[in-house]
file work17.txt (compact mmCIF, C-alpha atoms)
# COMPACT_ATOMS: atom_id res chain seq x y z
CA MET A 1 4.52 -10.03 -13.68
CA LEU A 2 6.35 -12.82 -15.37
CA GLU A 3 4.96 -16.30 -15.02
CA GLY A 4 6.68 -18.13 -12.19
CA TYR A 5 7.92 -14.92 -10.57
CA LYS A 6 8.32 -15.19 -6.84
CA PRO A 7 8.71 -12.01 -4.80
CA PRO A 8 12.00 -11.77 -2.91
CA LYS A 9 12.22 -12.07 0.85
CA PHE A 10 12.16 -8.51 2.08
CA GLU A 11 13.83 -7.03 5.12
CA MET A 12 10.90 -6.24 7.40
CA PHE A 13 10.19 -2.71 8.61
CA ASP A 14 8.23 -2.39 11.86
CA GLY A 15 8.19 1.39 12.15
CA THR A 16 11.48 1.64 14.00
CA GLY A 17 14.76 2.25 12.29
CA ASP A 18 15.50 4.46 9.33
CA PRO A 19 12.67 4.48 6.75
CA LYS A 20 15.08 5.74 4.07
CA VAL A 21 17.25 2.66 4.53
CA HIS A 22 14.21 0.41 4.35
CA LEU A 23 12.95 2.02 1.15
CA ARG A 24 16.39 1.71 -0.42
CA THR A 25 16.83 -1.97 0.46
CA TYR A 26 13.26 -2.66 -0.65
CA CYS A 27 13.89 -1.12 -4.07
CA ASP A 28 17.18 -2.97 -4.40
CA LYS A 29 15.33 -6.27 -3.94
CA LEU A 30 12.97 -5.39 -6.81
CA VAL A 31 15.60 -4.86 -9.48
CA ARG A 32 14.34 -7.85 -11.47
CA VAL A 33 10.84 -6.33 -11.60
CA GLY A 34 12.13 -3.24 -13.38
CA LYS A 35 10.65 0.19 -12.86
CA ASN A 36 7.01 -0.84 -12.73
CA GLU A 37 5.69 1.41 -9.95
CA GLN A 38 2.43 -0.51 -9.61
CA ILE A 39 4.31 -3.67 -8.69
CA HIS A 40 6.55 -1.76 -6.28
CA MET A 41 3.47 -0.32 -4.58
CA LYS A 42 1.59 -3.62 -4.52
CA LEU A 43 4.44 -5.60 -2.97
CA PHE A 44 5.42 -2.93 -0.43
CA MET A 45 2.93 -4.18 2.16
CA GLN A 46 4.84 -7.50 2.28
CA SER A 47 7.86 -5.66 3.70
CA LEU A 48 5.97 -4.17 6.65
CA ARG A 49 5.00 -5.45 10.07
CA VAL A 50 3.69 -4.23 13.42
CA ASP A 51 3.21 -0.42 13.56
CA ALA A 52 4.31 0.20 9.98
CA LEU A 53 1.83 -2.37 8.69
CA SER A 54 -0.97 -0.92 10.83
CA TRP A 55 -0.23 2.55 9.46
CA TYR A 56 -0.17 1.28 5.87
CA ILE A 57 -3.46 -0.59 6.22
CA SER A 58 -5.15 2.52 7.64
CA GLN A 59 -4.22 4.57 4.54
CA ASN A 60 -6.43 5.22 1.53
CA LEU A 61 -4.30 3.60 -1.17
CA LYS A 62 -5.93 5.71 -3.88
CA LYS A 63 -4.22 8.82 -2.53
CA TRP A 64 -0.89 7.57 -3.86
CA ALA A 65 -0.64 8.33 -7.56
CA ASN A 66 2.77 6.70 -7.86
CA TRP A 67 5.62 5.05 -5.98
CA VAL A 68 7.32 8.36 -5.18
CA SER A 69 4.23 9.79 -3.47
CA MET A 70 3.89 6.64 -1.38
CA ALA A 71 7.59 6.65 -0.47
CA PHE A 72 7.36 10.29 0.61
CA ASP A 73 4.40 9.47 2.87
CA VAL A 74 6.37 6.61 4.44
CA MET A 75 9.29 8.97 5.03
CA ASP A 76 7.01 11.65 6.52
CA ARG A 77 5.31 9.17 8.83
CA PHE A 78 8.50 7.60 10.18
CA VAL A 79 10.89 10.57 9.96
CA PHE A 80 11.08 10.73 13.76
CA ASN A 81 13.33 7.64 13.61
CA ILE A 82 15.90 9.60 11.63
CA GLU A 83 15.72 12.79 13.68
CA ASN A 84 16.07 11.07 17.05
CA THR A 85 19.05 8.91 16.19
CA LEU A 86 21.92 9.89 18.47
CA ASP A 87 25.46 8.96 17.70
CA ILE A 88 27.85 7.35 20.16
CA PHE A 89 29.80 10.60 20.61
CA TYR A 90 26.69 12.43 21.82
CA ILE A 91 25.95 9.72 24.36
CA GLN A 92 29.55 9.54 25.57
CA ASN A 93 29.69 13.31 26.09
CA LEU A 94 26.36 13.56 27.90
CA LYS A 95 27.12 15.15 31.27
CA LYS A 96 25.06 15.66 34.39
CA LYS A 97 23.76 19.21 34.61
CA PRO A 98 24.54 21.01 37.90
CA ILE A 99 20.84 21.61 38.57
CA GLU A 100 19.60 18.03 38.03
CA THR A 101 19.63 15.09 40.41
CA PHE A 102 21.49 11.92 39.55
CA HIS A 103 18.15 10.18 39.01
CA GLU A 104 17.09 12.87 36.50
CA TYR A 105 20.46 12.58 34.74
CA ALA A 106 20.24 8.78 34.56
CA THR A 107 16.72 8.99 33.18
CA ARG A 108 17.80 11.51 30.53
CA TRP A 109 20.80 9.37 29.61
CA ARG A 110 18.71 6.23 29.21
CA SER A 111 16.13 7.98 27.05
call {"tool": "encode", "arguments": {"input": "work17.txt", "output": "structure tokens"}}
result
Amino acid sequence: MLEGYKPPKFEMFDGTGDPKVHLRTYCDKLVRVGKNEQIHMKLFMQSLRVDALSWYISQNLKKWANWVSMAFDVMDRFVFNIENTLDIFYIQNLKKKPIETFHEYATRWRS
């Protein structure tokens, strides 16, 4: 890295939210670094916290040959955040089923 280079302040990813968005904003912050994958991989840990950081630390870093392989693993690990995202229209149209109690309906709505 260039002498005097200071890494940017990254948006932090804790394992919730969309991992694709995090990866995109992370890469956008590293534009000045260029396309050096080793630097991207080395600095990535500084953008993680809580569950995402715990997951990252538990990984064997040698398994990632390049940035793309690491990014795919991040996506695979946190893909459930993307799949479970419900839009406002789904929530607004959620109706009580005839066979469920109000308590069951309220629990399903909250989840």
call {"tool": "residues_around", "arguments": {"input": "work17.txt", "residues": "stretch 53-59 of chain A", "least_positions_apart": "4", "cutoff": "9 Å", "atoms": "all atoms listed in the file", "output": "list in words"}}
result
Phe13, Asp14, Gly15, Met45, Gln46, Ser47, Leu48, Arg49, Lys63, Val74 and Arg77 of chain A
call {"tool": "write_last_selection", "arguments": {"input": "work17.txt", "atoms": "C-alpha atoms", "output": "CSV table (one decimal), in the frame of the given file"}}
result
chain,number,residue,atom,x,y,z
A,13,PHE,CA,10.2,-2.7,8.6
A,14,ASP,CA,8.2,-2.4,11.9
A,15,GLY,CA,8.2,1.4,12.2
A,45,MET,CA,2.9,-4.2,2.2
A,46,GLN,CA,4.8,-7.5,2.3
A,47,SER,CA,7.9,-5.7,3.7
A,48,LEU,CA,6.0,-4.2,6.6
A,49,ARG,CA,5.0,-5.4,10.1
A,63,LYS,CA,-4.2,8.8,-2.5
A,74,VAL,CA,6.4,6.6,4.4
A,77,ARG,CA,5.3,9.2,8.8
call {"tool": "atom_distance", "arguments": {"input": "work17.txt", "atom1": "atom CA of A:Lys20", "atom2": "atom CA of A:Met75"}}
result
6.7 Å
call {"tool": "closest_residue", "arguments": {"input": "work17.txt", "among": "A:Arg110, A:His40, A:His103, A:Lys29", "to": "A:Lys9", "atoms": "all atoms listed in the file"}}
result
A:Lys29
call {"tool": "closest_residue", "arguments": {"input": "work17.txt", "among": "A:Leu61, A:Ser69, A:Phe44, A:Asn93", "to": "A:His22", "atoms": "only C-alpha atoms"}}
result
A:Phe44
call {"tool": "closest_residue", "arguments": {"input": "work17.txt", "among": "A:Asp51, A:Asp28, A:Glu37, A:Glu3", "to": "A:Thr16", "atoms": "all atoms listed in the file"}}
result
A:Asp51
call {"tool": "atom_distance", "arguments": {"input": "work17.txt", "atom1": "atom CA of A:Gly17", "atom2": "atom CA of A:Trp64"}}
result
23.1 Å
call {"tool": "residues_around", "arguments": {"input": "work17.txt", "residues": "A:Cys27", "least_positions_apart": "2", "cutoff": "12 Å", "atoms": "only C-alpha atoms", "output": "CSV table (one decimal) with C-alpha atoms, keeping the file's coordinate frame"}}
result
chain,number,residue,atom,x,y,z
A,8,PRO,CA,12.0,-11.8,-2.9
A,10,PHE,CA,12.2,-8.5,2.1
A,11,GLU,CA,13.8,-7.0,5.1
A,20,LYS,CA,15.1,5.7,4.1
A,21,VAL,CA,17.2,2.7,4.5
A,22,HIS,CA,14.2,0.4,4.4
A,23,LEU,CA,13.0,2.0,1.2
A,24,ARG,CA,16.4,1.7,-0.4
A,25,THR,CA,16.8,-2.0,0.5
A,29,LYS,CA,15.3,-6.3,-3.9
A,30,LEU,CA,13.0,-5.4,-6.8
A,31,VAL,CA,15.6,-4.9,-9.5
A,32,ARG,CA,14.3,-7.8,-11.5
A,33,VAL,CA,10.8,-6.3,-11.6
A,34,GLY,CA,12.1,-3.2,-13.4
A,35,LYS,CA,10.6,0.2,-12.9
A,36,ASN,CA,7.0,-0.8,-12.7
A,37,GLU,CA,5.7,1.4,-10.0
A,39,ILE,CA,4.3,-3.7,-8.7
A,40,HIS,CA,6.6,-1.8,-6.3
A,41,MET,CA,3.5,-0.3,-4.6
A,43,LEU,CA,4.4,-5.6,-3.0
A,44,PHE,CA,5.4,-2.9,-0.4
A,47,SER,CA,7.9,-5.7,3.7
A,67,TRP,CA,5.6,5.0,-6.0
A,68,VAL,CA,7.3,8.4,-5.2
A,71,ALA,CA,7.6,6.6,-0.5
call {"tool": "axis_aligned_box", "arguments": {"input": "work17.txt", "around": "stretch 61-73 of chain A", "padding_each_side": "8 Å", "output": "JSON"}}
result
{"center_x": 0.8, "center_y": 6.9, "center_z": -2.5, "size_x": 29.5, "size_y": 22.7, "size_z": 26.7}
call {"tool": "closest_residue", "arguments": {"input": "work17.txt", "among": "A:Leu94, A:Asp18, A:Asp76, A:Met70", "to": "A:Thr107", "atoms": "all atoms listed in the file"}}
result
A:Leu94
call {"tool": "build_atoms", "arguments": {"input": "work17.txt", "residues": "stretch 19-36 of chain A", "atoms": "N, CA, C and O atoms", "output": "CSV table (one decimal), keeping the file's coordinate frame"}}
result
chain,number,residue,atom,x,y,z
A,19,PRO,N,13.5,4.8,7.9
A,19,PRO,CA,12.7,4.5,6.8
A,19,PRO,C,13.4,4.6,5.4
A,19,PRO,O,13.1,3.9,4.5
A,20,LYS,N,14.3,5.5,5.3
A,20,LYS,CA,15.1,5.7,4.1
A,20,LYS,C,15.9,4.5,3.7
A,20,LYS,O,15.9,4.0,2.6
A,21,VAL,N,16.5,3.9,4.7
A,21,VAL,CA,17.2,2.7,4.5
A,21,VAL,C,16.3,1.5,4.1
A,21,VAL,O,16.6,0.8,3.2
A,22,HIS,N,15.2,1.5,4.7
A,22,HIS,CA,14.2,0.4,4.4
A,22,HIS,C,13.8,0.6,2.9
A,22,HIS,O,13.7,-0.4,2.1
A,23,LEU,N,13.4,1.8,2.5
A,23,LEU,CA,13.0,2.0,1.2
A,23,LEU,C,14.0,1.7,0.2
A,23,LEU,O,13.8,1.1,-0.9
A,24,ARG,N,15.3,2.0,0.5
A,24,ARG,CA,16.4,1.7,-0.4
A,24,ARG,C,16.6,0.2,-0.6
A,24,ARG,O,16.8,-0.3,-1.7
A,25,THR,N,16.6,-0.5,0.5
A,25,THR,CA,16.8,-2.0,0.5
A,25,THR,C,15.6,-2.7,-0.2
A,25,THR,O,15.8,-3.6,-1.0
A,26,TYR,N,14.4,-2.1,0.0
A,26,TYR,CA,13.3,-2.7,-0.6
A,26,TYR,C,13.4,-2.5,-2.2
A,26,TYR,O,13.2,-3.5,-2.9
A,27,CYS,N,13.7,-1.3,-2.6
A,27,CYS,CA,13.9,-1.1,-4.1
A,27,CYS,C,15.0,-2.0,-4.7
A,27,CYS,O,14.9,-2.5,-5.8
A,28,ASP,N,16.1,-2.1,-3.9
A,28,ASP,CA,17.2,-3.0,-4.4
A,28,ASP,C,16.7,-4.4,-4.6
A,28,ASP,O,17.2,-5.1,-5.5
A,29,LYS,N,15.8,-4.9,-3.8
A,29,LYS,CA,15.3,-6.3,-3.9
A,29,LYS,C,14.4,-6.4,-5.2
A,29,LYS,O,14.2,-7.5,-5.7
A,30,LEU,N,13.9,-5.3,-5.7
A,30,LEU,CA,13.0,-5.4,-6.8
A,30,LEU,C,13.6,-5.1,-8.1
A,30,LEU,O,12.9,-4.7,-9.1
A,31,VAL,N,14.9,-5.2,-8.2
A,31,VAL,CA,15.6,-4.9,-9.5
A,31,VAL,C,15.1,-5.7,-10.6
A,31,VAL,O,14.9,-5.2,-11.7
A,32,ARG,N,14.8,-7.0,-10.4
A,32,ARG,CA,14.3,-7.8,-11.5
A,32,ARG,C,13.0,-7.5,-12.0
A,32,ARG,O,12.6,-7.8,-13.1
A,33,VAL,N,12.2,-6.7,-11.2
A,33,VAL,CA,10.8,-6.3,-11.6
A,33,VAL,C,10.9,-5.2,-12.6
A,33,VAL,O,10.0,-4.9,-13.4
A,34,GLY,N,12.0,-4.4,-12.5
A,34,GLY,CA,12.1,-3.2,-13.4
A,34,GLY,C,11.6,-2.0,-12.7
A,34,GLY,O,11.5,-2.0,-11.4
A,35,LYS,N,11.1,-1.1,-13.4
A,35,LYS,CA,10.6,0.2,-12.9
A,35,LYS,C,9.1,0.3,-12.8
A,35,LYS,O,8.6,1.4,-12.8
A,36,ASN,N,8.5,-0.8,-12.8
A,36,ASN,CA,7.0,-0.8,-12.7
A,36,ASN,C,6.5,-0.4,-11.3
A,36,ASN,O,6.6,-1.2,-10.4
